[in-house]
$ cat run_30.cif   # mmCIF, C-alpha atoms
data_my_file
loop_
_atom_site.label_atom_id
_atom_site.label_comp_id
_atom_site.auth_asym_id
_atom_site.auth_seq_id
_atom_site.Cartn_x
_atom_site.Cartn_y
_atom_site.Cartn_z
CA MET A 269 0.00 0.00 0.00
CA SER A 270 1.38 3.42 -0.93
CA LEU A 271 2.47 5.88 1.76
CA SER A 272 2.49 8.71 -0.76
CA LEU A 273 2.05 12.33 0.25
CA SER A 274 -0.61 12.61 -2.44
CA ALA A 275 -2.52 9.43 -1.50
CA GLU A 276 -6.27 9.93 -1.29
CA ARG A 277 -8.04 9.52 2.02
CA ARG A 278 -10.36 6.56 2.38
CA GLU A 279 -13.71 6.39 4.09
CA PRO A 280 -13.59 5.11 7.68
CA PRO A 281 -14.12 1.34 7.82
CA ALA A 282 -16.66 -0.44 10.01
CA GLU A 283 -13.88 -1.16 12.52
CA ALA A 284 -13.32 2.54 13.28
CA ALA A 285 -14.00 3.57 16.89
CA ASP A 286 -14.27 7.20 18.00
CA GLY A 287 -12.93 8.27 14.63
CA ALA A 288 -9.78 6.10 14.66
CA TRP A 289 -8.67 2.72 13.35
CA LEU A 290 -5.54 0.73 12.54
CA GLU A 291 -4.54 0.05 8.95
CA CYS A 292 -1.84 -2.18 7.49
CA ILE A 293 0.61 -0.27 5.28
CA GLU A 294 1.20 -3.38 3.16
CA CYS A 295 -2.18 -4.95 2.42
CA GLY A 296 -4.60 -2.24 3.61
CA ASP A 297 -6.52 -4.43 6.07
CA THR A 298 -8.17 -2.48 8.87
CA PHE A 299 -8.69 -3.19 12.56
CA ALA A 300 -10.47 -1.65 15.52
CA PRO A 301 -7.99 0.39 17.57
CA PHE A 302 -8.63 -0.87 21.08
CA ASP A 303 -10.47 -4.19 20.86
CA ALA A 304 -7.31 -6.32 21.05
CA VAL A 305 -3.55 -6.02 21.43
CA ARG A 306 -1.83 -6.01 18.06
CA TYR A 307 1.37 -4.54 16.69
CA THR A 308 1.36 -5.80 13.11
CA CYS A 309 -1.24 -6.96 10.60
CA ASP A 310 -3.11 -10.16 11.49
CA ASP A 311 -2.98 -11.31 7.87
CA CYS A 312 0.37 -10.28 6.36
CA ASP A 313 2.39 -9.16 9.43
CA GLY A 314 2.88 -5.72 7.86
CA LEU A 315 3.36 -2.61 9.96
CA LEU A 316 0.25 -0.79 11.17
CA GLU A 317 -0.58 2.91 11.23
CA VAL A 318 -3.31 4.75 13.09
CA ARG A 319 -5.83 6.40 10.75
CA TYR A 320 -8.41 9.09 11.55
CA THR A 321 -11.79 10.11 10.20
CA ASP A 322 -11.05 13.79 10.82
CA LEU A 323 -7.61 15.27 10.27
CA PRO A 324 -6.91 18.57 12.03
CA SER A 325 -5.39 21.83 10.84
CA PHE A 326 -3.23 24.11 12.97
CA GLU A 327 -6.32 25.97 14.22
CA ASP A 328 -7.46 22.81 16.03
CA PHE A 329 -4.47 22.75 18.41
CA SER A 330 -4.57 24.39 21.84
CA GLY A 331 -2.74 24.10 25.13
CA ASP A 332 0.86 23.02 25.70
CA GLY A 333 3.06 19.98 25.20
CA VAL A 334 2.23 16.75 23.44
CA TRP A 335 -1.44 16.83 24.36
CA ARG A 336 -1.83 20.24 22.72
CA TYR A 337 -2.14 18.05 19.60
CA ASN A 338 -4.82 15.66 20.89
CA ALA A 339 -6.92 16.44 17.79
CA ALA A 340 -4.22 14.51 15.90
CA LEU A 341 -3.92 11.69 18.47
CA PRO A 342 -5.97 8.56 19.23
CA LEU A 343 -6.95 9.68 22.76
CA GLU A 344 -7.92 13.01 24.33
CA SER A 345 -5.37 12.75 27.16
CA GLY A 346 -2.74 10.41 28.55
CA VAL A 347 -0.33 9.56 31.32
CA THR A 348 1.67 12.78 31.34
CA ILE A 349 4.78 14.26 32.97
CA GLN A 350 4.44 17.50 30.97
CA GLU A 351 6.38 16.28 27.97
CA GLY A 352 6.80 18.23 24.75
CA SER A 353 7.10 21.98 24.13
CA THR A 354 10.87 21.55 23.76
CA PRO A 355 13.09 24.47 22.65
CA LEU A 356 13.94 25.30 19.05
CA TYR A 357 17.26 27.02 19.58
CA ARG A 358 18.92 29.63 17.40
CA VAL A 359 22.61 28.89 16.78
CA PRO A 360 24.04 31.89 14.90
CA ARG A 361 27.68 30.82 14.91
CA LEU A 362 26.87 27.32 13.68
CA GLU A 363 24.46 28.74 11.13
CA GLU A 364 27.27 30.85 9.65
CA ASP A 365 29.80 28.03 9.89
CA VAL A 366 27.58 25.50 8.12
CA GLY A 367 26.54 28.08 5.53
CA VAL A 368 22.75 27.89 5.37
CA GLU A 369 20.15 30.65 5.43
CA ALA A 370 18.76 29.53 8.79
CA LEU A 371 19.67 26.77 11.22
CA ARG A 372 17.69 25.84 14.31
CA ILE A 373 18.22 23.01 16.80
CA LYS A 374 15.14 21.18 18.13
CA HIS A 375 16.41 19.86 21.46
CA GLU A 376 14.35 16.86 22.53
CA GLY A 377 16.74 16.27 25.39
CA MET A 378 14.71 18.87 27.29
CA ASN A 379 11.83 16.42 27.80
CA PRO A 380 11.19 15.12 31.37
CA THR A 381 13.39 12.00 31.09
CA GLY A 382 15.84 13.69 28.73
CA SER A 383 14.86 12.32 25.32
CA PHE A 384 12.18 12.37 22.63
CA LYS A 385 10.94 8.96 23.81
CA ASP A 386 8.68 10.68 26.35
CA ARG A 387 6.41 11.82 23.51
CA GLY A 388 5.71 8.28 22.42
CA MET A 389 5.36 6.93 25.94
CA THR A 390 2.71 9.41 27.07
CA VAL A 391 0.50 8.10 24.25
CA GLY A 392 1.63 4.47 24.31
CA VAL A 393 1.16 3.98 28.04
CA ALA A 394 -2.27 5.65 27.84
CA VAL A 395 -3.26 3.16 25.14
CA ALA A 396 -1.91 0.30 27.26
CA HIS A 397 -4.20 1.46 30.06
CA GLU A 398 -7.11 1.63 27.59
CA LEU A 399 -6.38 -1.96 26.53
CA GLY A 400 -6.26 -3.16 30.13
CA VAL A 401 -2.76 -4.68 30.06
CA ASP A 402 -0.75 -4.91 33.28
CA ARG A 403 2.88 -5.34 32.18
CA LEU A 404 4.83 -3.07 29.82
CA ALA A 405 8.05 -4.08 28.07
CA CYS A 406 10.66 -2.76 25.68
CA ALA A 407 14.06 -3.50 24.22
CA SER A 408 16.31 -0.49 24.49
CA THR A 409 19.63 1.16 23.82
CA GLY A 410 18.74 3.22 26.89
CA ASN A 411 16.39 6.11 26.23
CA THR A 412 13.32 3.95 25.60
CA SER A 413 13.89 2.10 28.86
CA ALA A 414 14.23 5.34 30.82
CA ALA A 415 11.03 6.79 29.37
CA LEU A 416 9.03 3.58 29.69
CA ALA A 417 10.11 3.15 33.31
CA ALA A 418 9.09 6.71 34.18
CA TYR A 419 5.71 6.60 32.47
CA GLY A 420 5.02 3.05 33.60
CA SER A 421 5.69 4.02 37.21
CA ARG A 422 3.53 7.12 36.79
CA ALA A 423 0.70 4.85 35.62
CA GLY A 424 1.30 2.30 38.37
CA MET A 425 2.13 -0.49 35.90
CA GLN A 426 4.84 -3.17 35.89
CA THR A 427 7.74 -2.40 33.58
CA LEU A 428 10.26 -4.79 32.04
CA VAL A 429 13.24 -3.60 30.00
CA LEU A 430 15.77 -5.68 28.06
CA LEU A 431 19.16 -4.06 27.43
CA PRO A 432 22.24 -5.28 25.52
CA ALA A 433 24.77 -6.08 28.26
CA GLY A 434 27.58 -3.55 28.52
CA LYS A 435 26.25 -1.43 25.63
CA VAL A 436 23.99 1.10 27.41
CA ALA A 437 25.17 4.40 28.85
CA ALA A 438 25.17 4.54 32.65
CA GLY A 439 22.83 7.54 32.88
CA LYS A 440 20.08 5.66 31.06
CA VAL A 441 20.40 2.46 33.11
CA ALA A 442 20.26 4.58 36.27
CA GLN A 443 16.99 6.16 35.17
CA ALA A 444 15.29 2.83 34.45
CA SER A 445 16.55 1.47 37.75
CA LEU A 446 15.39 4.39 39.87
CA HIS A 447 11.96 4.46 38.24
CA GLY A 448 11.49 0.85 39.30
CA ALA A 449 11.81 -1.12 36.08
CA ARG A 450 12.93 -4.71 36.12
CA ILE A 451 16.12 -4.65 34.05
CA LEU A 452 17.31 -7.71 32.12
CA GLU A 453 20.78 -7.50 30.54
CA VAL A 454 20.88 -9.64 27.42
CA ASP A 455 24.03 -11.27 26.07
CA GLY A 456 23.48 -9.79 22.60
CA ASN A 457 22.89 -6.52 20.75
CA PHE A 458 19.76 -4.35 20.64
CA ASP A 459 18.23 -6.31 17.77
CA ALA A 460 18.52 -9.54 19.78
CA CYS A 461 16.76 -7.79 22.68
CA LEU A 462 13.97 -6.68 20.37
CA ASP A 463 13.55 -10.21 19.00
CA ILE A 464 13.01 -11.48 22.55
CA VAL A 465 10.61 -8.70 23.53
CA GLN A 466 8.56 -9.26 20.38
CA ASP A 467 8.35 -12.96 21.25
CA LEU A 468 7.25 -12.14 24.81
CA ALA A 469 4.60 -9.79 23.43
CA ALA A 470 3.38 -12.42 20.97
CA ARG A 471 2.94 -14.82 23.89
CA GLY A 472 0.88 -12.25 25.78
CA GLU A 473 3.50 -11.82 28.52
CA ALA A 474 3.83 -8.04 28.10
CA TYR A 475 2.66 -5.05 26.11
CA LEU A 476 5.35 -4.00 23.64
CA LEU A 477 6.23 -0.31 23.64
CA ASN A 478 9.06 -0.18 21.16
CA SER A 479 8.45 1.89 18.04
CA LEU A 480 6.97 -1.16 16.32
CA ASN A 481 3.90 -0.13 18.33
CA PRO A 482 1.90 2.20 16.04
CA PHE A 483 0.46 4.21 18.93
CA ARG A 484 3.90 5.21 20.19
CA LEU A 485 4.72 6.86 16.88
CA GLU A 486 1.58 8.99 17.17
CA GLY A 487 3.14 10.79 20.11
CA GLN A 488 6.37 11.29 18.20
CA LYS A 489 4.44 13.03 15.40
CA THR A 490 4.18 16.02 17.68
CA ILE A 491 7.89 16.79 17.18
CA GLY A 492 7.12 17.68 13.58
CA LEU A 493 4.01 19.66 14.51
CA GLU A 494 5.96 21.75 17.03
CA ILE A 495 8.74 22.41 14.51
CA LEU A 496 6.29 23.59 11.86
CA GLU A 497 4.36 25.84 14.25
CA ALA A 498 7.53 27.45 15.62
CA CYS A 499 8.99 28.08 12.17
CA LEU A 500 5.71 29.53 10.93
CA ASP A 501 5.76 31.90 13.89
CA ASP A 502 9.39 32.90 13.25
CA TYR A 503 9.69 32.91 9.46
CA ASP A 504 6.09 32.70 8.28
CA ALA A 505 7.34 29.58 6.47
CA VAL A 506 8.05 25.95 7.28
CA PRO A 507 11.67 24.65 7.14
CA ASP A 508 13.04 23.38 3.85
CA ARG A 509 14.70 20.40 5.53
CA ILE A 510 14.67 18.50 8.82
CA VAL A 511 17.81 16.50 9.60
CA LEU A 512 17.50 13.79 12.22
CA PRO A 513 19.45 10.86 13.67
CA VAL A 514 18.20 7.42 12.64
CA GLY A 515 18.20 4.34 14.85
CA ASN A 516 14.95 2.41 14.54
CA ALA A 517 13.68 5.14 12.15
CA GLY A 518 10.63 5.85 14.30
CA ASN A 519 10.99 9.63 14.20
CA THR A 520 11.46 9.64 10.43
CA ALA A 521 8.28 7.60 10.06
CA ALA A 522 6.39 9.72 12.60
CA LEU A 523 7.31 13.08 11.08
CA TYR A 524 6.41 11.82 7.63
CA LYS A 525 3.01 10.71 8.91
CA ALA A 526 2.43 14.11 10.55
CA PHE A 527 3.19 15.87 7.27
CA ARG A 528 1.01 13.50 5.21
CA GLU A 529 -1.92 14.17 7.51
CA LEU A 530 -1.43 17.94 7.29
CA VAL A 531 -1.31 17.71 3.50
CA GLN A 532 -4.52 15.65 3.49
CA SER A 533 -6.28 18.12 5.78
CA GLY A 534 -5.22 21.02 3.57
CA ALA A 535 -3.14 22.65 6.32
CA LEU A 536 0.19 22.12 4.51
CA ALA A 537 0.85 22.51 0.79
CA LEU A 538 2.44 19.50 -0.89
CA GLU A 539 5.34 21.60 -2.16
CA ASP A 540 6.07 22.91 1.35
CA VAL A 541 6.70 19.53 3.01
CA PRO A 542 10.21 19.57 4.54
CA LYS A 543 12.83 17.21 3.13
CA LEU A 544 13.37 14.43 5.68
CA THR A 545 17.09 13.70 5.90
CA GLY A 546 18.35 10.81 8.00
CA VAL A 547 21.81 10.45 9.55
CA GLN A 548 23.41 7.28 10.86
CA ALA A 549 26.82 6.39 12.25
CA GLU A 550 29.08 4.63 9.75
CA GLY A 551 29.19 1.55 11.97
CA ALA A 552 25.40 1.22 12.03
CA ALA A 553 24.04 2.50 8.72
CA PRO A 554 21.58 0.04 7.15
CA MET A 555 19.13 2.82 6.21
CA VAL A 556 21.85 4.77 4.43
CA GLU A 557 22.84 1.63 2.55
CA ALA A 558 19.24 1.15 1.39
CA VAL A 559 18.88 4.77 0.27
CA GLU A 560 22.21 4.79 -1.57
CA ASN A 561 21.37 1.52 -3.34
CA ASP A 562 17.78 2.59 -4.08
CA ALA A 563 16.66 -0.60 -2.34
CA ASP A 564 13.05 -1.33 -1.40
CA GLU A 565 14.09 -2.99 1.85
CA VAL A 566 16.78 -2.55 4.48
CA ARG A 567 19.37 -5.30 4.89
CA ARG A 568 19.84 -6.22 8.53
CA TRP A 569 23.34 -5.56 9.86
CA ASP A 570 24.13 -8.21 12.47
CA GLU A 571 27.31 -6.46 13.60
CA VAL A 572 26.99 -2.77 14.51
CA GLU A 573 29.30 -0.51 16.50
CA THR A 574 29.42 3.21 17.27
CA ARG A 575 29.97 5.38 20.32
CA ALA A 576 26.56 6.88 19.52
CA THR A 577 24.83 4.17 21.54
CA ALA A 578 21.28 5.44 20.99
CA ILE A 579 21.53 4.67 17.25
CA ARG A 580 23.58 1.47 17.49
CA ILE A 581 20.85 -0.49 15.67
CA GLY A 582 21.26 -2.80 12.71
CA ASN A 583 17.65 -3.62 11.88
CA PRO A 584 15.45 -0.49 11.91
CA VAL A 585 11.94 -1.88 12.25
CA ASN A 586 10.28 1.27 10.92
CA ALA A 587 12.22 1.25 7.64
CA PRO A 588 9.08 0.36 5.60
CA LYS A 589 7.51 3.61 6.84
CA ALA A 590 10.67 5.72 6.87
CA LEU A 591 12.12 4.93 3.44
CA PRO A 592 9.03 6.30 1.66
CA GLY A 593 9.23 9.35 3.93
CA ILE A 594 12.78 10.15 2.86
CA ARG A 595 12.08 9.53 -0.82
CA GLU A 596 8.65 11.17 -1.09
CA THR A 597 9.86 14.38 0.58
CA GLY A 598 12.95 14.63 -1.62
CA GLY A 599 15.27 13.93 1.31
CA THR A 600 18.23 11.62 1.62
CA ALA A 601 20.34 9.71 4.16
CA VAL A 602 24.01 9.96 5.02
CA SER A 603 26.46 8.27 7.37
CA VAL A 604 29.09 10.00 9.50
CA THR A 605 32.09 8.84 11.48
CA ASP A 606 32.24 8.74 15.26
CA GLU A 607 34.87 11.48 15.08
CA GLU A 608 32.51 13.71 13.08
CA ILE A 609 29.79 13.04 15.64
CA THR A 610 32.07 14.03 18.52
CA ASP A 611 33.15 17.22 16.73
CA ALA A 612 29.49 18.15 16.25
CA GLN A 613 28.76 17.37 19.91
CA ARG A 614 31.52 19.78 20.96
CA ASP A 615 30.27 22.48 18.59
CA LEU A 616 26.71 22.21 19.88
CA ALA A 617 28.08 22.46 23.41
CA GLY A 618 29.86 25.63 22.29
CA GLU A 619 26.40 27.10 21.62
CA GLY A 620 25.28 26.01 25.10
CA ILE A 621 23.36 22.96 23.83
CA GLY A 622 24.35 19.75 25.59
CA VAL A 623 23.47 16.54 23.75
CA GLU A 624 24.47 12.89 23.80
CA PRO A 625 26.52 11.58 20.84
CA ALA A 626 23.64 10.18 18.78
CA SER A 627 21.92 13.58 18.87
CA ALA A 628 24.95 15.29 17.38
CA ALA A 629 24.77 13.01 14.34
CA SER A 630 22.19 15.37 12.83
CA LEU A 631 24.58 18.33 12.79
CA ALA A 632 27.45 16.12 11.58
CA GLY A 633 25.28 14.87 8.73
CA LEU A 634 24.16 18.37 7.78
CA ARG A 635 27.77 19.50 7.58
CA LYS A 636 28.69 16.59 5.34
CA LEU A 637 25.74 17.15 3.00
CA ARG A 638 26.43 20.88 2.85
CA ALA A 639 30.07 20.22 1.94
CA GLU A 640 28.92 17.83 -0.80
CA GLY A 641 26.48 20.41 -2.19
CA VAL A 642 23.42 18.29 -1.42
CA VAL A 643 22.15 20.97 0.98
CA GLU A 644 21.97 24.42 -0.63
CA SER A 645 23.07 27.67 0.99
CA ASP A 646 19.55 29.17 0.79
CA GLU A 647 17.90 26.41 2.83
CA ARG A 648 16.21 26.83 6.20
CA VAL A 649 17.20 23.73 8.19
CA VAL A 650 16.18 22.22 11.52
CA CYS A 651 18.46 19.65 13.15
CA LEU A 652 16.77 17.32 15.61
CA THR A 653 18.79 16.42 18.70
CA THR A 654 17.18 13.54 20.50
CA GLY A 655 18.80 13.14 23.92
CA HIS A 656 20.40 15.18 26.69
CA LEU A 657 24.14 15.35 27.37
CA LEU A 658 23.74 13.71 30.78
CA LYS A 659 22.28 10.58 29.20
CA ASP A 660 25.87 9.57 28.46
CA PRO A 661 28.15 11.38 30.94
CA ASP A 662 31.16 9.23 30.06
CA ALA A 663 30.97 10.28 26.40
CA ALA A 664 30.53 13.90 27.43
CA ALA A 665 33.57 13.77 29.69
CA ALA A 666 35.63 12.13 26.95
CA ALA A 667 34.65 14.83 24.45
CA GLY A 668 35.20 17.73 26.85
CA ASN A 669 38.14 19.35 28.57
CA ASP A 670 40.15 17.43 31.17
CA PRO A 671 40.21 18.74 34.76
CA GLU A 672 43.41 20.58 35.71
CA PRO A 673 44.81 19.98 39.20
CA VAL A 674 45.80 23.15 41.09
CA PRO A 675 47.00 23.88 44.63
CA ALA A 676 44.51 24.93 47.29
CA GLU A 677 45.46 28.63 47.35
CA THR A 678 44.74 31.65 45.15
CA GLU A 679 48.32 32.45 44.15
CA GLY A 680 48.80 28.91 42.95
CA VAL A 681 45.62 29.10 40.86
CA LEU A 682 46.72 32.41 39.29
CA GLU A 683 50.15 31.00 38.53
CA HIS A 684 48.55 27.99 36.86
CA LEU A 685 46.27 30.19 34.72
CA GLN A 686 49.26 32.14 33.42
CA ARG A 687 50.95 29.04 31.99
#
$ encode --input "run_30.cif" --output "structure tokens"
Amino acid sequence: MSLSLSAERREPPAEAADGAWLECIECGDTFAPFDAVRYTCDDCDGLLEVRYTDLPSFEDFSGDGVWRYNAALPLESGVTIQEGSTPLYRVPRLEEDVGVEALRIKHEGMNPTGSFKDRGMTVGVAVAHELGVDRLACASTGNTSAALAAYGSRAGMQTLVLLPAGKVAAGKVAQASLHGARILEVDGNFDACLDIVQDLAARGEAYLLNSLNPFRLEGQKTIGLEILEACLDDYDAVPDRIVLPVGNAGNTAALYKAFRELVQSGALALEDVPKLTGVQAEGAAPMVEAVENDADEVRRWDEVETRATAIRIGNPVNAPKALPGIRETGGTAVSVTDEEITDAQRDLAGEGIGVEPASAASLAGLRKLRAEGVVESDERVVCLTTGHLLKDPDAAAAAGNDPEPVPAETEGVLEHLQR
């Protein structure tokens, strides 16, 4: 089934409830949204998307945070810790250095648990409550586990997280632990963890809240809606391009869905849809490989490695939704080295914006594409940064300045500063 920007809307099926239903992106089969737990199509195992009878325009949004956009979500309200409404920073020195007309940084690390994952969890955990499940679960490179643990504890629900042993930053494990999750360290990578969690979910042992869950991506749509509203306020125009890190490709898929729905409602002109541009680390770049080879599917990378732990993923489950998003918007995908990521992390810090390594991939990718002439000098660009600096304090310390020992008296400090 086509995920085209120009696809015509269909009439709501009999399964629709309160103006929403689930639809398979492969075969088009439809399902009631809340009558049973499902993550993929019953018939072909294709990915599902939430569809709506009424699609809102910007005039339908009111309030603050993620739930400002409840007219574009499957429920009116959810389990909330005041997520969303994150800053869209100006970065004048970086803007001049990169050489684009305008550059803004959408810092999702300013969410309650320090990453964009809070947006998906406020919706996903609310749906879990609607479905009546009692145990939540996820596989994680860290941020998902932190968000799920926080929102699960807020909702009074059991939370189970599976992490690749030795591959998750300490700040993220600490969050999941303190919020009361049961943490299982798996002798394998993230994709092995996800295989296990999917099997547990299929057996009815837990409710899966990885981005395979279509309801979680509904919350992540609000990143795109906030970006568009802020840019319209500032420039009276939407950005030409949004550059974002790619792990499981959930944000790419979610932003593309947000833009498709705005086009269908008439709120956004087809020619104004921002170019979605994905960035991966060279050691974990299956999406980039697929884009460069013009492939219809992503080849799973069994061996992945990068210091950008949040995007150390070799099998992005949302690729069937994200690849059309990149291609239909006229975007692209690019890979960057760990060294380029660290340089970008330092430069963002120089503008006062502290992010974890994976977040800095967006700026590193923009720089590379600008140098190659793919990004033009007259473009207005937004870089998405997905997680806070303190998510990975070890990486931050390694990228920053080393402490300098000094004696415990003023004259000694002054003498040291003069060296």
$ resolve_selection --input "run_30.cif" --expression "the PyMOL selection byres ((chain A and resi 284-286) around 10)" --output "PyMOL selection string"
chain A and resi 279-283+287-290+298-303+319-321+342-343
$ residues_around --input "run_30.cif" --residues "Lys525 in chain A" --least-positions-apart "5" --cutoff "12 Å" --atoms "all atoms listed in the file" --output "PDB file with C-alpha atoms, keeping the file's coordinate frame"
ATOM      1  CA  LEU A 271       2.470   5.880   1.760  1.00  0.00           C
ATOM      2  CA  SER A 272       2.490   8.710  -0.760  1.00  0.00           C
ATOM      3  CA  LEU A 273       2.050  12.330   0.250  1.00  0.00           C
ATOM      4  CA  ALA A 275      -2.520   9.430  -1.500  1.00  0.00           C
ATOM      5  CA  ILE A 293       0.610  -0.270   5.280  1.00  0.00           C
ATOM      6  CA  GLU A 317      -0.580   2.910  11.230  1.00  0.00           C
ATOM      7  CA  VAL A 318      -3.310   4.750  13.090  1.00  0.00           C
ATOM      8  CA  ARG A 319      -5.830   6.400  10.750  1.00  0.00           C
ATOM      9  CA  TYR A 320      -8.410   9.090  11.550  1.00  0.00           C
ATOM     10  CA  LEU A 323      -7.610  15.270  10.270  1.00  0.00           C
ATOM     11  CA  ALA A 340      -4.220  14.510  15.900  1.00  0.00           C
ATOM     12  CA  LEU A 341      -3.920  11.690  18.470  1.00  0.00           C
ATOM     13  CA  PRO A 482       1.900   2.200  16.040  1.00  0.00           C
ATOM     14  CA  LEU A 485       4.720   6.860  16.880  1.00  0.00           C
ATOM     15  CA  GLU A 486       1.580   8.990  17.170  1.00  0.00           C
ATOM     16  CA  GLY A 487       3.140  10.790  20.110  1.00  0.00           C
ATOM     17  CA  GLN A 488       6.370  11.290  18.200  1.00  0.00           C
ATOM     18  CA  LYS A 489       4.440  13.030  15.400  1.00  0.00           C
ATOM     19  CA  THR A 490       4.180  16.020  17.680  1.00  0.00           C
ATOM     20  CA  ILE A 491       7.890  16.790  17.180  1.00  0.00           C
ATOM     21  CA  GLY A 492       7.120  17.680  13.580  1.00  0.00           C
ATOM     22  CA  LEU A 493       4.010  19.660  14.510  1.00  0.00           C
ATOM     23  CA  GLY A 518      10.630   5.850  14.300  1.00  0.00           C
ATOM     24  CA  ASN A 519      10.990   9.630  14.200  1.00  0.00           C
ATOM     25  CA  THR A 520      11.460   9.640  10.430  1.00  0.00           C
ATOM     26  CA  LEU A 530      -1.430  17.940   7.290  1.00  0.00           C
ATOM     27  CA  VAL A 531      -1.310  17.710   3.500  1.00  0.00           C
ATOM     28  CA  GLN A 532      -4.520  15.650   3.490  1.00  0.00           C
ATOM     29  CA  VAL A 541       6.700  19.530   3.010  1.00  0.00           C
ATOM     30  CA  LEU A 544      13.370  14.430   5.680  1.00  0.00           C
ATOM     31  CA  LYS A 589       7.510   3.610   6.840  1.00  0.00           C
ATOM     32  CA  ALA A 590      10.670   5.720   6.870  1.00  0.00           C
ATOM     33  CA  PRO A 592       9.030   6.300   1.660  1.00  0.00           C
ATOM     34  CA  GLY A 593       9.230   9.350   3.930  1.00  0.00           C
ATOM     35  CA  ILE A 594      12.780  10.150   2.860  1.00  0.00           C
ATOM     36  CA  GLU A 596       8.650  11.170  -1.090  1.00  0.00           C
ATOM     37  CA  THR A 597       9.860  14.380   0.580  1.00  0.00           C
TER      38      THR A 597
END
$ residues_near_point --input "run_30.cif" --point "(-4.0, 2.6, 23.7)" --cutoff "9 Å" --atoms "all atoms listed in the file" --output "list of chain:residue names"
A:Pro301, A:Phe302, A:Val305, A:Pro342, A:Leu343, A:Val391, A:Gly392, A:Val393, A:Ala394, A:Val395, A:Ala396, A:His397, A:Glu398, A:Leu399, A:Gly400, A:Phe483
$ closest_residue --input "run_30.cif" --among "A:Ala535, A:Val572, A:Leu477, A:Ile349" --to "Asp328 in chain A" --atoms "all atoms listed in the file"
A:Ala535
$ residues_around --input "run_30.cif" --residues "Val547 in chain A" --least-positions-apart "6" --cutoff "9 Å" --atoms "all atoms listed in the file" --output "list of chain:residue names"
A:Val511, A:Leu512, A:Pro513, A:Val514, A:Gly515, A:Ala553, A:Met555, A:Val556, A:Thr600, A:Ala601, A:Val602, A:Ser603, A:Val604, A:Ala629, A:Ser630, A:Leu631, A:Ala632, A:Gly633, A:Leu634
$ closest_residue --input "run_30.cif" --among "A:Glu351, A:Gly622, A:Asp310, A:Cys406" --to "Ala665 in chain A" --atoms "only C-alpha atoms"
A:Gly622
$ resolve_selection --input "run_30.cif" --expression "the PyMOL selection byres ((chain A and resi 506) around 12)" --output "JSON, numbers by chain"
{"A": [370, 372, 492, 493, 494, 495, 496, 497, 498, 499, 500, 501, 502, 503, 504, 505, 507, 508, 509, 510, 527, 535, 536, 537, 538, 539, 540, 541, 542, 543, 647, 648, 649, 650]}
$ atom_distance --input "run_30.cif" --atom1 "CA of Ala664 in chain A" --atom2 "CA of Pro380 in chain A"
19.8 Å
$ resolve_selection --input "run_30.cif" --expression "the PyMOL selection byres ((chain A and resi 449) around 7)" --output "PDB file with C-alpha atoms, in the frame of the given file"
ATOM      1  CA  ALA A 417      10.110   3.150  33.310  1.00  0.00           C
ATOM      2  CA  THR A 427       7.740  -2.400  33.580  1.00  0.00           C
ATOM      3  CA  LEU A 428      10.260  -4.790  32.040  1.00  0.00           C
ATOM      4  CA  VAL A 429      13.240  -3.600  30.000  1.00  0.00           C
ATOM      5  CA  ALA A 444      15.290   2.830  34.450  1.00  0.00           C
ATOM      6  CA  SER A 445      16.550   1.470  37.750  1.00  0.00           C
ATOM      7  CA  HIS A 447      11.960   4.460  38.240  1.00  0.00           C
ATOM      8  CA  GLY A 448      11.490   0.850  39.300  1.00  0.00           C
ATOM      9  CA  ARG A 450      12.930  -4.710  36.120  1.00  0.00           C
ATOM     10  CA  ILE A 451      16.120  -4.650  34.050  1.00  0.00           C
TER      11      ILE A 451
END
$ residues_near_point --input "run_30.cif" --point "(29.4, 9.2, 31.4)" --cutoff "10 Å" --atoms "all atoms listed in the file" --output "ChimeraX atom specification"
/A:437-440,624,657-666
$ decode --input "run_30.cif" --residues "range 376-392 of chain A" --atoms "C-alpha atoms" --output "short mmCIF file (atom, residue, chain, number, x, y, z; two decimals), in the first residue's frame"
data_model
loop_
_atom_site.label_atom_id
_atom_site.label_comp_id
_atom_site.auth_asym_id
_atom_site.auth_seq_id
_atom_site.Cartn_x
_atom_site.Cartn_y
_atom_site.Cartn_z
CA GLU A 376 14.35 16.86 22.53
CA GLY A 377 16.74 16.27 25.39
CA MET A 378 14.71 18.87 27.29
CA ASN A 379 11.83 16.42 27.80
CA PRO A 380 11.19 15.12 31.37
CA THR A 381 13.39 12.00 31.09
CA GLY A 382 15.84 13.69 28.73
CA SER A 383 14.86 12.32 25.32
CA PHE A 384 12.18 12.37 22.63
CA LYS A 385 10.94 8.96 23.81
CA ASP A 386 8.68 10.68 26.35
CA ARG A 387 6.41 11.82 23.51
CA GLY A 388 5.71 8.28 22.42
CA MET A 389 5.36 6.93 25.94
CA THR A 390 2.71 9.41 27.07
CA VAL A 391 0.50 8.10 24.25
CA GLY A 392 1.63 4.47 24.31
#
